[in-house]
>>> print(open('model-v3.txt').read())   # compact mmCIF, C-alpha atoms
# COMPACT_ATOMS: atom_id res chain seq x y z
CA MET A 19 77.76 115.35 -155.71
CA ALA A 20 75.83 117.35 -153.10
CA ALA A 21 72.73 115.19 -153.62
CA GLY A 22 74.83 112.05 -153.13
CA LEU A 23 76.28 113.44 -149.89
CA ARG A 24 72.79 114.19 -148.57
CA LEU A 25 71.71 110.61 -149.30
CA LEU A 26 74.75 109.19 -147.50
CA GLN A 27 74.21 111.49 -144.50
CA ARG A 28 70.67 110.15 -144.22
CA GLY A 29 71.94 106.56 -144.40
CA CYS A 30 70.35 106.03 -147.82
CA THR A 31 71.72 105.00 -151.18
CA LYS A 32 70.47 106.02 -154.59
CA GLY A 33 68.97 102.53 -154.99
CA ASP A 34 67.24 102.88 -151.65
CA GLU A 35 65.73 106.22 -152.68
CA GLU A 36 64.60 104.82 -156.05
CA CYS A 37 63.02 101.78 -154.37
CA ALA A 38 61.24 104.05 -151.87
CA GLY A 39 59.90 106.15 -154.74
CA ARG A 40 58.49 103.06 -156.45
CA LEU A 41 56.79 102.00 -153.21
CA LYS A 42 55.19 105.42 -152.82
CA ALA A 43 53.92 105.30 -156.40
CA TYR A 44 52.56 101.80 -155.77
CA PHE A 45 50.41 102.98 -152.86
CA GLN A 46 49.25 106.22 -154.45
CA GLY A 47 47.09 104.20 -156.84
CA LEU A 48 45.32 102.27 -154.06
CA ASP A 49 41.99 103.13 -152.49
CA LYS A 50 42.79 104.48 -149.02
CA ARG A 51 39.38 103.42 -147.71
CA ALA A 52 40.11 99.86 -148.79
CA LEU A 53 43.21 99.93 -146.60
CA ARG A 54 40.94 100.47 -143.59
CA HIS A 55 38.61 97.60 -144.49
CA ALA A 56 39.74 94.49 -142.62
CA ALA A 57 39.12 91.92 -145.37
CA ARG A 58 40.57 94.05 -148.17
CA GLN A 59 43.43 95.11 -145.91
CA THR A 60 44.70 91.54 -145.47
CA GLU A 61 44.37 90.81 -149.18
CA MET A 62 46.21 93.99 -150.14
CA TYR A 63 48.93 93.35 -147.58
CA HIS A 64 49.68 89.91 -149.03
CA ILE A 65 49.96 91.46 -152.50
CA PHE A 66 52.18 94.22 -151.08
CA ARG A 67 54.46 91.65 -149.42
CA GLU A 68 54.96 89.78 -152.69
CA ASP A 69 55.81 93.00 -154.55
CA PHE A 70 58.04 94.15 -151.70
CA GLU A 71 60.02 90.89 -151.82
CA LYS A 72 60.52 91.38 -155.59
CA LEU A 73 61.84 94.90 -154.98
CA LYS A 74 64.23 93.61 -152.32
CA ARG A 75 65.60 91.01 -154.74
CA GLU A 76 65.95 93.65 -157.46
CA TYR A 77 67.73 96.26 -155.36
CA LEU A 78 69.51 93.86 -152.98
CA HIS A 79 70.44 96.56 -150.45
CA ILE A 80 67.49 98.61 -149.29
CA GLY A 81 67.65 100.92 -146.33
CA PRO A 82 65.78 103.45 -144.20
CA ALA A 83 64.09 105.27 -147.07
CA THR A 84 62.42 102.12 -148.42
CA TYR A 85 61.30 100.88 -145.02
CA GLY A 86 60.09 104.37 -144.16
CA ALA A 87 57.99 104.51 -147.35
CA ALA A 88 56.54 101.05 -146.61
CA LEU A 89 55.61 101.96 -143.03
CA GLU A 90 54.16 105.28 -144.12
CA ALA A 91 52.04 103.59 -146.78
CA LEU A 92 50.63 100.98 -144.36
CA ALA A 93 50.04 103.43 -141.49
CA PRO A 94 46.58 104.76 -142.60
CA GLY A 95 45.16 101.23 -142.38
CA GLY A 96 45.80 101.15 -138.63
CA ASN A 97 46.73 97.45 -138.66
CA VAL A 98 49.35 97.31 -135.92
CA LYS A 99 50.11 93.64 -136.59
CA PHE A 100 51.25 94.37 -140.16
CA MET A 101 53.33 97.32 -138.94
CA ARG A 102 54.93 95.17 -136.22
CA ASP A 103 55.93 92.52 -138.77
CA LEU A 104 57.53 95.10 -141.06
CA TRP A 105 59.19 96.83 -138.09
CA GLY A 106 60.75 93.55 -136.96
CA GLU A 107 62.04 92.88 -140.46
CA MET A 108 63.57 96.36 -140.58
CA LEU A 109 65.43 95.75 -137.31
CA GLU A 110 66.64 92.38 -138.57
CA ALA A 111 68.10 94.22 -141.58
CA SER A 112 70.11 96.40 -139.14
CA VAL A 113 68.20 99.53 -140.17
CA ALA A 114 68.05 101.89 -137.18
CA PRO A 115 64.64 103.60 -136.86
CA THR A 116 64.52 107.37 -137.18
CA ILE A 117 61.78 109.81 -136.21
CA TYR A 118 60.28 109.26 -139.68
CA HIS A 119 59.81 105.55 -138.98
CA TYR A 120 58.51 106.15 -135.46
CA ASN A 121 55.95 108.67 -136.70
CA ALA A 122 54.58 106.24 -139.28
CA TYR A 123 54.21 103.53 -136.63
CA LEU A 124 52.64 105.98 -134.15
CA ARG A 125 50.12 107.00 -136.79
CA ALA A 126 49.05 103.36 -137.19
CA CYS A 127 48.69 103.12 -133.40
CA ALA A 128 46.53 106.25 -133.45
CA GLU A 129 44.29 104.81 -136.18
CA ALA A 130 43.87 101.62 -134.15
CA ALA A 131 43.69 103.46 -130.78
CA ASP A 132 46.34 101.00 -129.54
CA VAL A 133 47.75 102.58 -126.38
CA ALA A 134 49.97 99.64 -125.41
CA GLN A 135 51.91 99.61 -128.70
CA ALA A 136 52.20 103.39 -128.72
CA ALA A 137 53.52 103.31 -125.16
CA PHE A 138 56.18 100.80 -126.21
CA LEU A 139 57.23 103.07 -129.08
CA LEU A 140 57.45 106.13 -126.85
CA LYS A 141 59.63 104.24 -124.37
CA SER A 142 61.88 103.11 -127.22
CA MET A 143 62.17 106.69 -128.45
CA ARG A 144 63.23 107.87 -124.99
CA ASP A 145 65.69 105.00 -124.53
CA HIS A 146 67.38 105.61 -127.90
CA GLY A 147 67.46 109.41 -127.77
CA VAL A 148 64.98 110.03 -130.60
CA ARG A 149 63.33 113.38 -129.96
CA PRO A 150 59.61 113.60 -130.82
CA ASN A 151 58.44 116.24 -133.26
CA ALA A 152 55.05 117.80 -133.99
CA ARG A 153 53.85 114.74 -135.92
CA SER A 154 54.68 112.47 -132.97
CA TYR A 155 52.58 114.62 -130.64
CA MET A 156 49.73 114.81 -133.14
CA SER A 157 49.55 111.03 -133.45
CA MET A 158 49.39 110.64 -129.67
CA LEU A 159 46.79 113.39 -129.45
CA ARG A 160 44.62 111.63 -132.05
CA LEU A 161 45.06 108.32 -130.25
CA PHE A 162 43.71 109.66 -126.96
CA ALA A 163 41.04 111.64 -128.80
CA ARG A 164 39.72 108.45 -130.40
CA ARG A 165 39.52 106.87 -126.96
CA GLY A 166 37.82 109.92 -125.44
CA ASP A 167 40.65 110.22 -122.90
CA GLU A 168 40.57 113.94 -122.16
CA ALA A 169 43.14 113.94 -119.33
CA ASN A 170 45.87 112.26 -121.40
CA ALA A 171 44.99 114.34 -124.47
CA GLU A 172 45.54 117.52 -122.43
CA ALA A 173 48.87 116.17 -121.13
CA VAL A 174 50.04 115.52 -124.70
CA LEU A 175 48.96 119.02 -125.72
CA GLN A 176 50.97 120.53 -122.87
CA SER A 177 54.06 118.61 -124.02
CA PHE A 178 53.38 119.81 -127.57
CA LEU A 179 53.28 123.43 -126.38
CA LYS A 180 56.32 123.00 -124.13
CA ASP A 181 58.36 122.00 -127.18
CA ARG A 182 57.29 125.31 -128.77
CA HIS A 183 55.13 123.88 -131.53
CA ARG A 184 52.34 126.16 -132.67
CA PRO A 185 48.82 124.69 -132.63
CA ASP A 186 46.82 124.71 -135.84
CA GLU A 187 43.34 123.62 -136.88
CA ARG A 188 44.25 119.91 -136.79
CA THR A 189 45.59 120.24 -133.26
CA MET A 190 42.39 121.96 -132.17
CA ASN A 191 40.17 119.34 -133.79
CA ALA A 192 42.07 116.47 -132.17
CA ARG A 193 41.85 118.12 -128.75
CA ILE A 194 38.11 118.79 -129.17
CA MET A 195 37.49 115.18 -130.22
CA ALA A 196 38.74 113.99 -126.84
CA CYS A 197 35.95 115.86 -125.03
CA GLY A 198 33.04 113.95 -123.56
CA ASN A 199 30.34 116.59 -124.00
CA TYR A 200 29.61 119.82 -125.83
CA ALA A 201 30.43 122.17 -122.93
CA ALA A 202 34.01 120.90 -122.72
CA ALA A 203 34.37 120.91 -126.52
CA GLU A 204 33.12 124.49 -126.82
CA ALA A 205 35.57 125.61 -124.13
CA GLN A 206 38.46 124.07 -126.07
CA GLN A 207 37.34 125.66 -129.33
CA LYS A 208 37.27 129.11 -127.68
CA ARG A 209 40.65 128.44 -126.06
CA PHE A 210 42.33 127.80 -129.43
CA GLN A 211 40.55 130.65 -131.19
CA GLU A 212 41.34 133.25 -128.52
CA GLY A 213 44.81 131.95 -127.63
CA TRP A 214 46.26 131.18 -131.06
CA GLY A 215 43.78 132.62 -133.55
CA VAL A 216 42.70 129.22 -134.90
CA ARG A 217 39.42 129.51 -136.79
CA PRO A 218 36.92 126.63 -137.04
CA SER A 219 36.69 124.61 -140.24
CA ILE A 220 34.13 122.09 -141.46
CA HIS A 221 36.11 119.43 -139.57
CA THR A 222 35.88 121.49 -136.38
CA TYR A 223 32.10 121.53 -136.60
CA GLY A 224 32.20 117.78 -137.13
CA THR A 225 34.27 117.23 -133.98
CA LEU A 226 31.90 119.45 -132.00
CA LEU A 227 29.05 117.20 -133.16
CA ILE A 228 31.03 114.14 -132.04
CA ALA A 229 31.16 115.71 -128.56
CA CYS A 230 27.37 116.18 -128.76
CA ILE A 231 26.98 112.49 -129.67
CA ARG A 232 28.95 111.56 -126.57
CA GLY A 233 26.91 113.99 -124.49
CA GLY A 234 23.66 112.17 -125.33
CA GLU A 235 20.26 113.67 -124.60
CA GLU A 236 21.66 116.67 -122.75
CA ASP A 237 23.49 117.95 -125.83
CA GLY A 238 20.64 117.65 -128.34
CA ASP A 239 19.96 121.41 -128.42
CA ALA A 240 23.69 122.12 -128.64
CA ALA A 241 23.97 119.85 -131.72
CA VAL A 242 21.21 121.81 -133.43
CA ARG A 243 23.04 125.08 -132.69
CA VAL A 244 26.36 123.74 -134.00
CA PHE A 245 24.79 122.53 -137.23
CA LYS A 246 22.97 125.81 -137.81
CA ARG A 247 26.18 127.71 -137.12
CA ALA A 248 28.01 125.60 -139.71
CA ARG A 249 25.34 126.35 -142.31
CA ARG A 250 25.62 130.09 -141.61
CA ASP A 251 29.43 130.10 -141.77
CA ASN A 252 30.38 131.41 -145.21
CA ARG A 253 33.90 129.98 -144.95
CA VAL A 254 32.73 126.36 -144.88
CA GLU A 255 30.40 124.22 -146.94
CA VAL A 256 28.31 121.56 -145.23
CA ASP A 257 29.34 118.16 -146.58
CA HIS A 258 28.05 114.60 -146.36
CA GLU A 259 30.13 113.78 -143.26
CA LEU A 260 28.70 116.69 -141.28
CA TRP A 261 25.16 115.56 -142.08
CA VAL A 262 26.02 112.05 -140.87
CA ARG A 263 27.36 113.36 -137.58
CA TYR A 264 24.37 115.63 -137.09
CA ILE A 265 22.03 112.67 -137.63
CA GLY A 266 24.11 110.71 -135.12
CA ALA A 267 23.74 113.52 -132.58
CA MET A 268 19.98 113.55 -133.04
CA LYS A 269 19.90 109.79 -132.52
CA SER A 270 21.93 110.12 -129.33
CA ALA A 271 19.51 112.81 -128.15
CA ARG A 272 16.65 110.32 -128.76
CA ARG A 273 14.89 112.63 -131.26
CA HIS A 274 13.45 110.27 -133.85
CA ASP A 275 11.49 112.96 -135.70
CA ALA A 276 14.65 115.06 -135.97
CA VAL A 277 16.53 112.06 -137.41
CA SER A 278 13.87 111.57 -140.10
CA ALA A 279 13.81 115.30 -140.88
CA ALA A 280 17.62 115.40 -141.13
CA ILE A 281 17.66 112.52 -143.62
CA SER A 282 15.12 114.40 -145.76
CA GLY A 283 17.18 117.58 -145.47
CA MET A 284 20.31 115.70 -146.45
CA GLN A 285 18.63 114.42 -149.60
CA ALA A 286 17.32 117.93 -150.37
CA ASP A 287 20.93 119.16 -150.23
CA GLY A 288 21.86 116.64 -152.91
CA PHE A 289 23.51 114.02 -150.68
CA THR A 290 22.65 110.32 -150.80
CA PRO A 291 22.15 108.62 -147.42
CA ASP A 292 24.55 105.71 -146.92
CA VAL A 293 24.88 102.81 -144.49
CA PRO A 294 25.92 104.89 -141.42
CA VAL A 295 22.89 107.17 -141.94
CA TYR A 296 20.42 104.29 -142.15
CA ALA A 297 22.14 102.58 -139.21
CA TYR A 298 21.45 105.69 -137.11
CA PHE A 299 17.85 105.63 -138.32
CA LEU A 300 17.42 101.98 -137.31
CA GLN A 301 19.01 102.64 -133.93
CA SER A 302 16.57 105.51 -133.46
CA CYS A 303 13.67 103.20 -134.37
CA ARG A 304 14.94 100.71 -131.81
CA GLN A 305 14.99 103.39 -129.12
CA GLU A 306 11.35 104.27 -129.82
CA CYS A 307 10.00 100.77 -130.47
CA LYS A 308 7.87 99.69 -127.49
CA TYR A 309 5.85 96.78 -128.90
CA PRO A 310 6.36 94.08 -131.56
CA ASP A 311 5.10 95.12 -135.00
CA ASP A 312 4.50 98.78 -134.07
CA GLU A 313 5.14 101.63 -136.51
CA TYR A 314 8.84 101.85 -135.66
CA MET A 315 9.40 98.14 -136.28
CA ALA A 316 7.58 98.49 -139.61
CA ALA A 317 9.71 101.53 -140.51
CA ALA A 318 12.90 99.59 -139.72
CA GLU A 319 11.89 96.62 -141.86
CA GLU A 320 10.87 98.88 -144.73
CA THR A 321 14.21 100.72 -144.52
CA LEU A 322 16.08 97.43 -144.73
CA ARG A 323 14.09 96.35 -147.78
CA MET A 324 14.62 99.73 -149.42
CA THR A 325 18.39 99.68 -148.90
CA SER A 326 18.97 96.06 -149.97
CA ARG A 327 20.86 95.59 -153.20
CA GLU A 328 19.33 92.75 -155.22
CA GLY A 329 18.53 90.81 -152.06
CA ASP A 330 21.96 91.42 -150.49
CA LEU A 331 21.43 93.26 -147.19
CA GLU A 332 23.96 95.55 -145.60
CA PHE A 333 25.33 93.81 -142.51
CA PRO A 334 25.39 96.84 -140.15
CA LEU A 335 21.70 97.42 -140.88
CA LEU A 336 20.88 93.74 -140.59
CA THR A 337 22.58 93.69 -137.18
CA GLU A 338 20.32 96.48 -135.93
CA LEU A 339 17.25 94.54 -137.10
CA TYR A 340 18.50 91.45 -135.25
CA GLU A 341 18.76 93.59 -132.11
CA MET A 342 15.20 94.89 -132.52
CA TYR A 343 13.82 91.37 -132.93
CA ALA A 344 15.81 90.26 -129.86
CA ASP A 345 14.42 93.12 -127.74
CA HIS A 346 10.89 91.79 -128.24
CA GLY A 347 11.55 88.04 -128.50
CA MET A 348 10.35 87.83 -132.14
CA VAL A 349 11.88 84.40 -132.82
CA ASP A 350 9.86 83.55 -135.94
CA LYS A 351 10.84 86.73 -137.79
CA LEU A 352 14.44 86.44 -136.66
CA GLU A 353 14.79 82.84 -137.83
CA ALA A 354 13.20 83.70 -141.18
CA THR A 355 15.75 86.50 -141.58
CA ARG A 356 18.57 84.13 -140.63
CA ASP A 357 17.45 81.67 -143.30
CA HIS A 358 17.56 84.45 -145.89
CA VAL A 359 21.01 85.56 -144.74
CA SER A 360 22.59 82.11 -144.86
CA SER A 361 21.07 81.27 -148.26
CA THR A 362 21.73 84.51 -150.17
CA MET A 363 24.66 86.35 -148.58
CA MET A 364 28.37 85.74 -148.86
CA ARG A 365 29.16 86.23 -145.16
CA GLY A 366 28.30 84.47 -141.93
CA GLU A 367 26.76 86.06 -138.86
CA SER A 368 28.92 88.35 -136.73
CA ARG A 369 29.36 87.78 -133.02
CA ARG A 370 27.00 90.64 -132.22
CA MET A 371 24.33 89.15 -134.49
CA PHE A 372 24.67 85.73 -132.90
CA ASP A 373 24.50 87.26 -129.40
CA ALA A 374 21.23 88.90 -130.45
CA VAL A 375 19.94 85.51 -131.64
CA LYS A 376 20.63 83.94 -128.25
CA ARG A 377 19.07 86.90 -126.45
CA CYS A 378 15.97 86.64 -128.63
CA HIS A 379 15.48 82.95 -127.81
CA GLU A 380 15.96 83.70 -124.11
CA ALA A 381 13.36 86.49 -124.27
CA ALA A 382 10.94 84.06 -125.96
CA GLY A 383 11.21 81.70 -122.96
CA ARG A 384 13.40 79.00 -124.53
CA SER A 385 15.25 76.71 -122.13
CA PRO A 386 18.95 77.35 -121.37
CA GLU A 387 19.79 74.00 -123.03
CA ALA A 388 18.03 75.04 -126.25
CA VAL A 389 19.82 78.39 -126.27
CA ALA A 390 23.19 76.72 -125.66
CA ALA A 391 22.56 74.38 -128.61
CA LEU A 392 22.22 77.29 -131.08
CA GLU A 393 24.98 77.72 -133.66
CA PRO A 394 25.90 80.75 -135.77
CA ARG A 395 24.83 80.65 -139.40
CA VAL A 396 27.50 80.48 -142.06
CA SER A 397 26.97 81.45 -145.68
CA GLN A 398 26.03 78.38 -147.69
CA HIS A 399 28.10 79.75 -150.57
CA ASN A 400 31.46 79.19 -148.88
CA ALA A 401 30.86 76.99 -145.86
CA GLY A 402 31.67 73.70 -147.57
CA SER A 403 32.49 70.76 -145.33
CA ASN A 404 34.05 72.95 -142.61
CA LEU A 405 30.71 74.27 -141.32
CA PRO A 406 30.95 72.74 -137.82
CA ASN A 407 34.53 74.03 -137.43
CA TYR A 408 33.82 77.73 -138.01
CA LYS A 409 34.74 79.87 -135.01
CA PHE A 410 34.58 83.53 -134.04
CA HIS A 411 37.79 85.50 -134.42
CA GLY A 412 36.99 88.85 -132.87
CA ASN A 413 33.58 89.80 -134.22
CA VAL A 414 33.81 87.78 -137.44
CA LEU A 415 32.93 84.12 -138.07
CA LYS A 416 35.78 82.48 -139.98
CA PRO A 417 36.81 79.00 -141.14
CA PRO A 418 39.65 77.15 -139.40
CA ARG A 419 42.90 79.05 -139.65
CA HIS A 420 45.62 77.59 -141.83
CA LYS A 421 49.24 78.36 -141.15
CA PRO A 422 50.47 80.75 -143.86
CA THR A 423 53.31 79.55 -146.03
CA GLN A 424 56.56 81.34 -146.78
CA ALA A 425 55.42 81.71 -150.39
CA ASN A 426 52.45 83.92 -149.66
CA PHE A 427 53.27 85.54 -146.33
CA TYR A 428 56.63 86.65 -144.99
CA ARG A 429 56.93 86.93 -141.24
CA ALA A 430 60.30 88.10 -139.97
CA PRO A 431 61.56 87.31 -136.45
CA LEU A 432 60.77 90.11 -134.01
CA ARG A 433 64.11 90.15 -132.18
CA TYR A 434 67.26 92.05 -132.98
CA GLU A 435 69.67 91.60 -130.09
CA ALA A 436 72.63 93.39 -131.68
CA SER A 437 71.11 96.86 -131.31
CA GLY A 438 69.37 96.18 -128.01
CA TRP A 439 65.89 96.09 -129.50
CA ASN A 440 63.27 93.53 -128.55
CA THR A 441 59.87 94.18 -130.07
CA LYS A 442 58.33 91.32 -128.08
CA GLN A 443 58.94 93.18 -124.84
CA ARG A 444 55.74 93.98 -122.98
CA VAL A 445 55.39 97.47 -121.57
CA ASP A 446 53.00 98.40 -118.78
CA VAL A 447 51.27 101.58 -119.89
CA ARG A 448 50.85 102.66 -116.28
CA ASP A 449 54.62 102.81 -115.82
CA ILE A 450 55.11 105.33 -118.61
CA GLY A 451 51.66 106.88 -118.81
CA TRP A 452 51.30 110.54 -119.58
CA LYS A 453 51.70 112.83 -116.58
CA GLU A 454 51.32 116.57 -116.29
CA GLY A 455 54.34 118.21 -117.89
CA ASP A 456 55.65 114.98 -119.47
CA ASP A 457 57.53 116.01 -122.63
CA MET A 458 58.51 112.55 -123.90
CA LYS A 459 62.22 113.22 -123.30
>>> encode(input="model-v3.txt", output="structure tokens")
Amino acid sequence: MAAGLRLLQRGCTKGDEECAGRLKAYFQGLDKRALRHAARQTEMYHIFREDFEKLKREYLHIGPATYGAALEALAPGGNVKFMRDLWGEMLEASVAPTIYHYNAYLRACAEAADVAQAAFLLKSMRDHGVRPNARSYMSMLRLFARRGDEANAEAVLQSFLKDRHRPDERTMNARIMACGNYAAAEAQQKRFQEGWGVRPSIHTYGTLLIACIRGGEEDGDAAVRVFKRARRDNRVEVDHELWVRYIGAMKSARRHDAVSAAISGMQADGFTPDVPVYAYFLQSCRQECKYPDDEYMAAAEETLRMTSREGDLEFPLLTELYEMYADHGMVDKLEATRDHVSSTMMRGESRRMFDAVKRCHEAAGRSPEAVAALEPRVSQHNAGSNLPNYKFHGNVLKPPRHKPTQANFYRAPLRYEASGWNTKQRVDVRDIGWKEGDDMK
């Protein structure tokens, strides 16, 4: 009886709770990293929509718990478009959003660093009397941290403190991540440790290294100190991610020998270098490469051969090699690489790769007409007869878009006039931007 009353007070039914539980179980078995991968994300979302429609037909009346579980499950992917579609459907079903729904949507905005959508949500929260909680503030803090916006991150933190929330290690890490150099990051770390007794964790050392990456050459020595401090700290254990960020800091400090030494040290610690590590190495080679076919160019080409999997090259690494060839106008090598890519790989060139191709031909003295006539390469495995019609969508070369059908993609209208909501409304971030002392009320 009491459990039933609690469900009714929350606007849920037993069927709604059961449906929400099935959705949560559905997403627990999925790879969270796959949710962040653009191609897999779209595929998984279509599958999710089909299963979600089946659940809706089975339970008939679903409510806030089910929509909350769906939004929460999609939030880590950071795809604001998917969240907006589901949000519009929820409003069409006359389900009023609660702080739980807002927080899930704000988390997606933080993952995507989408200030405009987050600003719209905050305005909606104010207009409808929904009071933000600690999770709301943390999402906004992470959003500005990802963008390196220290002023707005500090304003959010002040609102967080004004509402009498106590900072913890996650709050400290998010605030540090917004800093643009090590000096500012170190000051924030001391502030949290002395003011609230927050001790650094392995993630704190990682965020300090991110600040060193942003600081560039000036923070090279600071990055070395942070990494040594992490290794001496008995409370933490250096992991793969910290090695990657340390290598990134050495690359930003233009210390190629230190990058090579760090990769060797990483392997000695039992970690296997992955694509981000080798991408930093190739970027470091590019910084040091002064002439075509010098030792750094040879090292980059050897690294790419070593990391290829049965002839299939990793695209982030291949992009760095394109850039190196473009820097020195090495058209012959670049075109040979392009031939290999189009004949053996399952993807076409990215926009950045194609821009490097054009820059390489310009550096080699080709005429503007010849450069303008260049076309991006598409994989011969899936180009088919649509090859001339491929276009860039963002950074990715894709075939012509086909309008999705109702059978495989449900897109609800984004208006719900009855409750005064209009998710198509455009909000100017400057009108509701964070100001000193703003508490989101």
>>> residues_near_point(input="model-v3.txt", point="(31.7, 116.9, -123.5)", cutoff="7 Å", atoms="all atoms listed in the file", output="list in words")
Cys197, Gly198, Asn199, Tyr200, Ala201, Ala202, Ala203, Ala229, Cys230, Arg232 and Gly233 of chain A
>>> residues_near_point(input="model-v3.txt", point="(20.0, 93.6, -137.2)", cutoff="10 Å", atoms="all atoms listed in the file", output="number ranges by chain")
A: 297, 300-301, 318-319, 322, 332-344, 352, 355, 370-371, 374-375
>>> closest_residue(input="model-v3.txt", among="A:Asp103, A:Glu90, A:Glu35, A:Glu212", to="A:His119", atoms="all atoms listed in the file")
A:Glu90
>>> closest_residue(input="model-v3.txt", among="A:Asn151, A:Ser278, A:Ser270, A:Ser219", to="A:Arg247", atoms="all atoms listed in the file")
A:Ser219
>>> residues_around(input="model-v3.txt", residues="A:Glu259", least_positions_apart="5", cutoff="12 Å", atoms="only C-alpha atoms", output="VMD selection string")
chain A and resid 220 to 225 227 to 228 245 264 to 266 284 289 to 292 294 to 295
>>> atom_distance(input="model-v3.txt", atom1="atom CA of A:Arg149", atom2="atom CA of A:Arg184")
17.1 Å
>>> closest_residue(input="model-v3.txt", among="A:Leu159, A:Ser368, A:Cys303, A:Ala91", to="A:Thr321", atoms="all atoms listed in the file")
A:Cys303
>>> closest_residue(input="model-v3.txt", among="A:Arg217, A:Arg369, A:Lys208, A:Lys246", to="A:Trp261", atoms="all atoms listed in the file")
A:Lys246
